[in-house]
>>> print(open('coords_24.cif').read())   # mmCIF, C-alpha atoms
data_final
#
loop_
_atom_site.group_PDB
_atom_site.id
_atom_site.type_symbol
_atom_site.label_atom_id
_atom_site.label_comp_id
_atom_site.auth_asym_id
_atom_site.auth_seq_id
_atom_site.Cartn_x
_atom_site.Cartn_y
_atom_site.Cartn_z
ATOM 1 C CA MET A 109 -127.071 45.792 62.570
ATOM 2 C CA SER A 110 -126.786 49.003 64.567
ATOM 3 C CA MET A 111 -126.585 52.362 62.859
ATOM 4 C CA VAL A 112 -122.965 52.665 64.006
ATOM 5 C CA ASP A 113 -122.155 49.303 62.380
ATOM 6 C CA GLN A 114 -123.979 50.422 59.246
ATOM 7 C CA ARG A 115 -121.785 53.497 58.977
ATOM 8 C CA VAL A 116 -118.634 51.452 59.629
ATOM 9 C CA ALA A 117 -119.606 48.896 56.958
ATOM 10 C CA LEU A 118 -120.295 51.585 54.381
ATOM 11 C CA GLU A 119 -117.069 53.451 55.116
ATOM 12 C CA ARG A 120 -115.087 50.211 54.803
ATOM 13 C CA LEU A 121 -116.627 49.532 51.377
ATOM 14 C CA ILE A 122 -115.850 53.064 50.227
ATOM 15 C CA THR A 123 -112.221 52.713 51.299
ATOM 16 C CA GLU A 124 -111.769 49.248 49.792
ATOM 17 C CA ARG A 125 -113.289 50.186 46.427
ATOM 18 C CA GLY A 126 -111.662 53.607 46.102
ATOM 19 C CA ALA A 127 -115.025 55.358 45.951
ATOM 20 C CA ASP A 128 -115.697 58.856 47.245
ATOM 21 C CA TYR A 129 -118.453 60.425 49.313
ATOM 22 C CA THR A 130 -119.497 63.021 46.747
ATOM 23 C CA SER A 131 -119.910 60.629 43.801
ATOM 24 C CA LEU A 132 -121.871 58.148 45.907
ATOM 25 C CA SER A 133 -124.140 60.903 47.203
ATOM 26 C CA ARG A 134 -124.912 62.025 43.666
ATOM 27 C CA MET A 135 -125.372 58.429 42.507
ATOM 28 C CA ILE A 136 -128.250 57.955 44.955
ATOM 29 C CA GLY A 137 -129.723 61.363 44.097
ATOM 30 C CA ARG A 138 -128.734 63.172 47.284
ATOM 31 C CA ASN A 139 -126.820 66.375 47.936
ATOM 32 C CA PRO A 140 -123.013 66.026 47.534
ATOM 33 C CA ALA A 141 -122.337 65.965 51.295
ATOM 34 C CA TYR A 142 -125.014 63.400 52.171
ATOM 35 C CA ILE A 143 -122.829 60.288 52.550
ATOM 36 C CA GLN A 144 -120.061 62.124 54.384
ATOM 37 C CA GLN A 145 -122.561 63.582 56.844
ATOM 38 C CA PHE A 146 -124.123 60.158 57.394
ATOM 39 C CA ILE A 147 -120.768 58.513 58.141
ATOM 40 C CA LYS A 148 -118.984 61.296 60.001
ATOM 41 C CA ARG A 149 -121.836 63.082 61.765
ATOM 42 C CA GLY A 150 -124.537 60.432 62.017
ATOM 43 C CA SER A 151 -126.998 62.541 60.054
ATOM 44 C CA PRO A 152 -129.324 61.081 58.946
ATOM 45 C CA LYS A 153 -129.431 58.490 61.713
ATOM 46 C CA GLU A 154 -130.002 55.658 59.237
ATOM 47 C CA LEU A 155 -130.031 55.122 55.507
ATOM 48 C CA LYS A 156 -133.377 55.113 53.775
ATOM 49 C CA GLU A 157 -134.294 51.721 52.288
ATOM 50 C CA ARG A 158 -134.012 53.095 48.753
ATOM 51 C CA ASP A 159 -130.554 54.554 49.404
ATOM 52 C CA ARG A 160 -129.371 51.355 51.051
ATOM 53 C CA LYS A 161 -130.502 49.251 48.104
ATOM 54 C CA LEU A 162 -128.824 51.568 45.587
ATOM 55 C CA LEU A 163 -125.544 51.481 47.506
ATOM 56 C CA ALA A 164 -125.638 47.707 47.922
ATOM 57 C CA ASP A 165 -126.336 47.303 44.206
ATOM 58 C CA TYR A 166 -123.511 49.691 43.306
ATOM 59 C CA PHE A 167 -120.963 47.841 45.436
ATOM 60 C CA GLY A 168 -122.332 44.418 44.481
ATOM 61 C CA VAL A 169 -122.893 43.266 48.060
ATOM 62 C CA ASP A 170 -125.714 41.713 50.018
ATOM 63 C CA GLU A 171 -128.026 44.499 51.170
ATOM 64 C CA ARG A 172 -127.986 42.948 54.623
ATOM 65 C CA SER A 173 -124.325 43.937 54.951
ATOM 66 C CA LEU A 174 -125.572 47.528 55.048
ATOM 67 C CA GLY A 175 -128.342 46.873 57.546
ATOM 68 C CA GLY A 176 -131.077 45.671 55.223
ATOM 69 C CA SER A 177 -133.264 42.620 55.715
ATOM 70 C CA GLY A 178 -134.295 41.919 52.151
ATOM 71 C CA ALA A 179 -133.242 39.201 49.721
ATOM 72 C CA PRO A 180 -129.526 39.103 49.058
ATOM 73 C CA LEU A 181 -128.065 40.824 46.026
ATOM 74 C CA PRO A 182 -125.187 39.322 43.995
ATOM 75 C CA THR A 183 -122.045 38.834 46.036
ATOM 76 C CA THR A 184 -118.705 40.300 45.053
ATOM 77 C CA THR A 185 -117.707 36.910 43.581
ATOM 78 C CA GLN A 186 -120.639 37.022 41.157
ATOM 79 C CA VAL A 187 -120.198 40.555 39.874
ATOM 80 C CA ALA A 188 -117.398 42.547 38.292
ATOM 81 C CA ARG A 189 -116.984 46.233 38.989
ATOM 82 C CA ILE A 190 -116.131 47.940 35.704
ATOM 83 C CA PRO A 191 -114.416 51.318 36.165
ATOM 84 C CA ARG A 192 -115.940 54.479 34.737
ATOM 85 C CA LEU A 193 -113.091 56.654 33.552
ATOM 86 C CA ASP A 194 -113.276 60.401 33.852
ATOM 87 C CA VAL A 195 -112.642 60.864 30.145
ATOM 88 C CA GLY A 196 -114.788 61.311 27.088
ATOM 89 C CA ALA A 197 -114.326 59.792 23.663
ATOM 90 C CA SER A 198 -115.301 62.351 21.102
ATOM 91 C CA ALA A 199 -117.830 61.387 18.501
ATOM 92 C CA GLY A 200 -117.045 64.662 16.749
ATOM 93 C CA PHE A 201 -113.655 66.100 15.891
ATOM 94 C CA GLY A 202 -111.838 65.166 19.070
ATOM 95 C CA ALA A 203 -111.381 66.424 22.606
ATOM 96 C CA LEU A 204 -108.189 66.674 24.623
ATOM 97 C CA HIS A 205 -107.834 65.157 28.067
ATOM 98 C CA ASP A 206 -104.929 65.517 30.458
ATOM 99 C CA GLU A 207 -105.462 62.284 32.365
ATOM 100 C CA GLU A 208 -107.509 59.112 32.476
ATOM 101 C CA ARG A 209 -108.639 58.465 36.022
ATOM 102 C CA VAL A 210 -111.296 56.294 37.550
ATOM 103 C CA ALA A 211 -114.310 58.393 38.527
ATOM 104 C CA SER A 212 -116.464 55.533 39.817
ATOM 105 C CA GLY A 213 -117.567 52.071 38.739
ATOM 106 C CA ILE A 214 -120.607 50.048 37.708
ATOM 107 C CA CYS A 215 -121.166 46.441 38.783
ATOM 108 C CA PHE A 216 -122.168 43.888 36.147
ATOM 109 C CA ASP A 217 -123.072 40.244 36.562
ATOM 110 C CA LYS A 218 -120.084 38.177 35.420
ATOM 111 C CA THR A 219 -122.238 35.686 33.521
ATOM 112 C CA TRP A 220 -123.879 38.539 31.614
ATOM 113 C CA LEU A 221 -120.461 39.998 30.783
ATOM 114 C CA ARG A 222 -119.241 36.660 29.434
ATOM 115 C CA ARG A 223 -122.262 36.455 27.151
ATOM 116 C CA LEU A 224 -121.660 40.038 26.047
ATOM 117 C CA CYS A 225 -118.068 39.794 24.907
ATOM 118 C CA ALA A 226 -116.135 37.000 26.661
ATOM 119 C CA ALA A 227 -113.661 39.626 27.853
ATOM 120 C CA ARG A 228 -111.649 39.667 31.046
ATOM 121 C CA PRO A 229 -113.226 42.201 33.426
ATOM 122 C CA GLU A 230 -109.853 43.921 33.807
ATOM 123 C CA ASP A 231 -109.866 44.658 30.057
ATOM 124 C CA LEU A 232 -113.151 46.557 30.273
ATOM 125 C CA SER A 233 -113.787 50.198 31.093
ATOM 126 C CA ILE A 234 -116.602 52.673 30.610
ATOM 127 C CA ILE A 235 -116.216 56.140 29.126
ATOM 128 C CA ARG A 236 -118.678 58.715 27.851
ATOM 129 C CA VAL A 237 -119.362 59.811 24.293
ATOM 130 C CA GLU A 238 -118.850 63.436 23.369
ATOM 131 C CA GLY A 239 -120.210 64.944 20.162
ATOM 132 C CA ASP A 240 -122.671 63.867 17.501
ATOM 133 C CA SER A 241 -120.726 62.318 14.626
ATOM 134 C CA MET A 242 -121.860 58.797 15.577
ATOM 135 C CA SER A 243 -125.512 59.833 15.860
ATOM 136 C CA PRO A 244 -127.986 58.181 15.897
ATOM 137 C CA THR A 245 -126.047 55.048 16.943
ATOM 138 C CA LEU A 246 -124.277 56.896 19.751
ATOM 139 C CA VAL A 247 -125.221 60.341 21.011
ATOM 140 C CA ASP A 248 -123.565 62.919 23.216
ATOM 141 C CA GLY A 249 -123.570 61.734 26.832
ATOM 142 C CA ASP A 250 -123.940 58.006 26.113
ATOM 143 C CA GLU A 251 -121.707 55.717 28.136
ATOM 144 C CA ILE A 252 -119.852 53.007 26.267
ATOM 145 C CA MET A 253 -118.022 49.914 27.467
ATOM 146 C CA VAL A 254 -114.698 49.421 25.730
ATOM 147 C CA ASN A 255 -112.806 46.122 25.550
ATOM 148 C CA ILE A 256 -109.099 46.945 25.289
ATOM 149 C CA GLY A 257 -108.358 43.249 24.899
ATOM 150 C CA ASP A 258 -110.116 43.351 21.532
ATOM 151 C CA GLY A 259 -108.071 45.862 19.581
ATOM 152 C CA ALA A 260 -105.689 46.030 16.648
ATOM 153 C CA SER A 261 -104.688 42.355 16.720
ATOM 154 C CA ARG A 262 -108.285 41.237 16.110
ATOM 155 C CA LEU A 263 -109.489 44.252 14.129
ATOM 156 C CA ARG A 264 -112.696 43.701 12.150
ATOM 157 C CA ASP A 265 -115.735 45.722 11.099
ATOM 158 C CA GLY A 266 -117.318 47.454 14.080
ATOM 159 C CA ILE A 267 -117.199 50.483 16.367
ATOM 160 C CA TYR A 268 -113.889 51.250 18.052
ATOM 161 C CA VAL A 269 -112.238 53.825 20.247
ATOM 162 C CA LEU A 270 -109.141 55.204 18.557
ATOM 163 C CA ARG A 271 -106.492 57.626 19.712
ATOM 164 C CA ARG A 272 -105.427 60.454 17.437
ATOM 165 C CA ASP A 273 -102.698 62.610 18.940
ATOM 166 C CA ASP A 274 -104.076 63.303 22.447
ATOM 167 C CA ALA A 275 -107.716 62.757 21.516
ATOM 168 C CA LEU A 276 -109.920 59.710 21.956
ATOM 169 C CA LEU A 277 -112.348 59.161 19.089
ATOM 170 C CA VAL A 278 -115.302 56.822 18.621
ATOM 171 C CA LYS A 279 -115.605 55.743 14.999
ATOM 172 C CA ARG A 280 -116.927 52.951 12.828
ATOM 173 C CA VAL A 281 -114.219 50.865 11.184
ATOM 174 C CA ALA A 282 -114.644 48.971 7.909
ATOM 175 C CA ILE A 283 -111.910 46.764 6.453
ATOM 176 C CA ASN A 284 -111.369 46.287 2.717
ATOM 177 C CA PRO A 285 -110.997 42.494 2.332
ATOM 178 C CA ALA A 286 -108.821 42.904 -0.771
ATOM 179 C CA THR A 287 -106.277 45.492 0.399
ATOM 180 C CA HIS A 288 -106.798 45.139 4.161
ATOM 181 C CA HIS A 289 -106.823 48.911 4.321
ATOM 182 C CA ILE A 290 -109.321 50.548 6.644
ATOM 183 C CA THR A 291 -112.021 53.140 6.237
ATOM 184 C CA VAL A 292 -112.789 55.126 9.371
ATOM 185 C CA LYS A 293 -116.183 56.761 9.216
ATOM 186 C CA SER A 294 -118.965 58.365 11.217
ATOM 187 C CA ASP A 295 -122.598 57.274 11.307
ATOM 188 C CA ASN A 296 -123.587 60.926 10.918
ATOM 189 C CA ALA A 297 -123.250 61.617 7.193
ATOM 190 C CA ALA A 298 -122.433 65.277 7.875
ATOM 191 C CA TYR A 299 -118.934 64.250 8.965
ATOM 192 C CA PRO A 300 -116.119 63.291 6.572
ATOM 193 C CA LEU A 301 -114.698 59.794 6.382
ATOM 194 C CA TRP A 302 -111.048 58.740 6.321
ATOM 195 C CA PRO A 303 -110.671 56.229 3.489
ATOM 196 C CA ASP A 304 -107.832 53.852 2.717
ATOM 197 C CA CYS A 305 -106.008 54.039 6.062
ATOM 198 C CA ARG A 306 -103.202 51.610 6.802
ATOM 199 C CA PRO A 307 -103.715 49.685 10.065
ATOM 200 C CA ALA A 308 -100.237 50.711 11.217
ATOM 201 C CA ASP A 309 -101.261 54.361 10.997
ATOM 202 C CA LEU A 310 -104.111 53.926 13.493
ATOM 203 C CA THR A 311 -103.895 53.595 17.268
ATOM 204 C CA ILE A 312 -106.744 51.285 18.230
ATOM 205 C CA ILE A 313 -107.669 51.465 21.921
ATOM 206 C CA GLY A 314 -110.428 48.864 21.940
ATOM 207 C CA ARG A 315 -113.751 47.701 20.600
ATOM 208 C CA VAL A 316 -117.056 49.161 21.834
ATOM 209 C CA VAL A 317 -119.142 46.267 23.162
ATOM 210 C CA TRP A 318 -122.010 47.962 25.025
ATOM 211 C CA THR A 319 -123.701 51.309 25.429
ATOM 212 C CA GLY A 320 -125.922 52.790 28.113
ATOM 213 C CA ARG A 321 -128.199 55.766 27.583
ATOM 214 C CA LYS A 322 -130.484 57.857 29.731
ATOM 215 C CA VAL A 323 -134.100 57.619 28.586
ATOM 216 C CA SER A 324 -135.742 61.039 28.541
#
>>> encode(input="coords_24.cif", output="structure tokens")
Amino acid sequence: MSMVDQRVALERLITERGADYTSLSRMIGRNPAYIQQFIKRGSPKELKERDRKLLADYFGVDERSLGGSGAPLPTTTQVARIPRLDVGASAGFGALHDEERVASGICFDKTWLRRLCAARPEDLSIIRVEGDSMSPTLVDGDEIMVNIGDGASRLRDGIYVLRRDDALLVKRVAINPATHHITVKSDNAAYPLWPDCRPADLTIIGRVVWTGRKVS
């Protein structure tokens, strides 16, 4: 594949997936203008092997489609791209957000996802945790995968994203088997709990099924 074809292939993927130059540049650890300069100006002349592999992995395509010669990565039929929303779910007292938009996405193997939660990929999204009330289970900056197909109708003990007014909250939910009322609590004992809530009084967004964390 020529360098011109490589740029065309990458630009086509970016357009098809609704990605943007800046986010991709940062994802591969480059300056924010790196991808745009590569595609529009031909600088650098070719992608480094590391950058090419990261981009192919991100889009879930064979690396050879971006000019590589290595072993193929999972094809788009084998992976699901789960959107990362540009919102945070507060693990403290709540944070307001004006909109919920897709910032980027992360590709997961479909077989792995089925073992994780048996959810439809379109019911999954990834948001970040804000605050410390769910510490040490979840800490500020963690990314969590939320299954909106597993919400109020199947409510059971576990960690959920709830909406309170205009705030998204991450909390642990416990159901009283006798009254079916709900206790909403934090894993950080410094925060108060909300006992004896009626299910109808809560807006359940979805169940937290996975978390990712940077290792420092």
>>> residues_around(input="coords_24.cif", residues="A:Ile312", least_positions_apart="5", cutoff="7 Å", atoms="all atoms listed in the file", output="ChimeraX atom specification")
/A:259-260,269-271
>>> atom_distance(input="coords_24.cif", atom1="atom CA of A:Ala282", atom2="atom CA of A:Val195")
25.3 Å
>>> residues_around(input="coords_24.cif", residues="A:Gln186", least_positions_apart="3", cutoff="12 Å", atoms="all atoms listed in the file", output="PyMOL selection string")
chain A and resi 167-170+181-183+189+215-222+229
>>> residues_around(input="coords_24.cif", residues="A:Leu118", least_positions_apart="2", cutoff="12 Å", atoms="all atoms listed in the file", output="ChimeraX atom specification")
/A:111-116,120-125,127-129,132,143-144,146-148,154-155,159-160,163-164,166-167,169,171-175
>>> closest_residue(input="coords_24.cif", among="A:Arg149, A:Arg134, A:Arg321, A:His288", to="A:Ile252", atoms="all atoms listed in the file")
A:Arg321
>>> atom_distance(input="coords_24.cif", atom1="atom CA of A:Gly150", atom2="atom CA of A:Gly126")
21.6 Å
>>> closest_residue(input="coords_24.cif", among="A:Tyr268, A:Asp248, A:Ser241, A:Arg192", to="A:Ala298", atoms="all atoms listed in the file")
A:Ser241
>>> axis_aligned_box(input="coords_24.cif", around="stretch 257-272 of chain A", padding_each_side="5 Å", output="AutoDock Vina command-line options")
--center_x -111.0 --center_y 50.8 --center_z 18.0 --size_x 22.6 --size_y 29.2 --size_z 23.8
>>> atom_distance(input="coords_24.cif", atom1="atom CA of A:Leu301", atom2="atom CA of A:Lys279")
9.6 Å
>>> residues_near_point(input="coords_24.cif", point="(-118.2, 55.8, 7.9)", cutoff="10 Å", atoms="all atoms listed in the file", output="PyMOL selection string")
chain A and resi 241-242+279-282+291-297+299-303
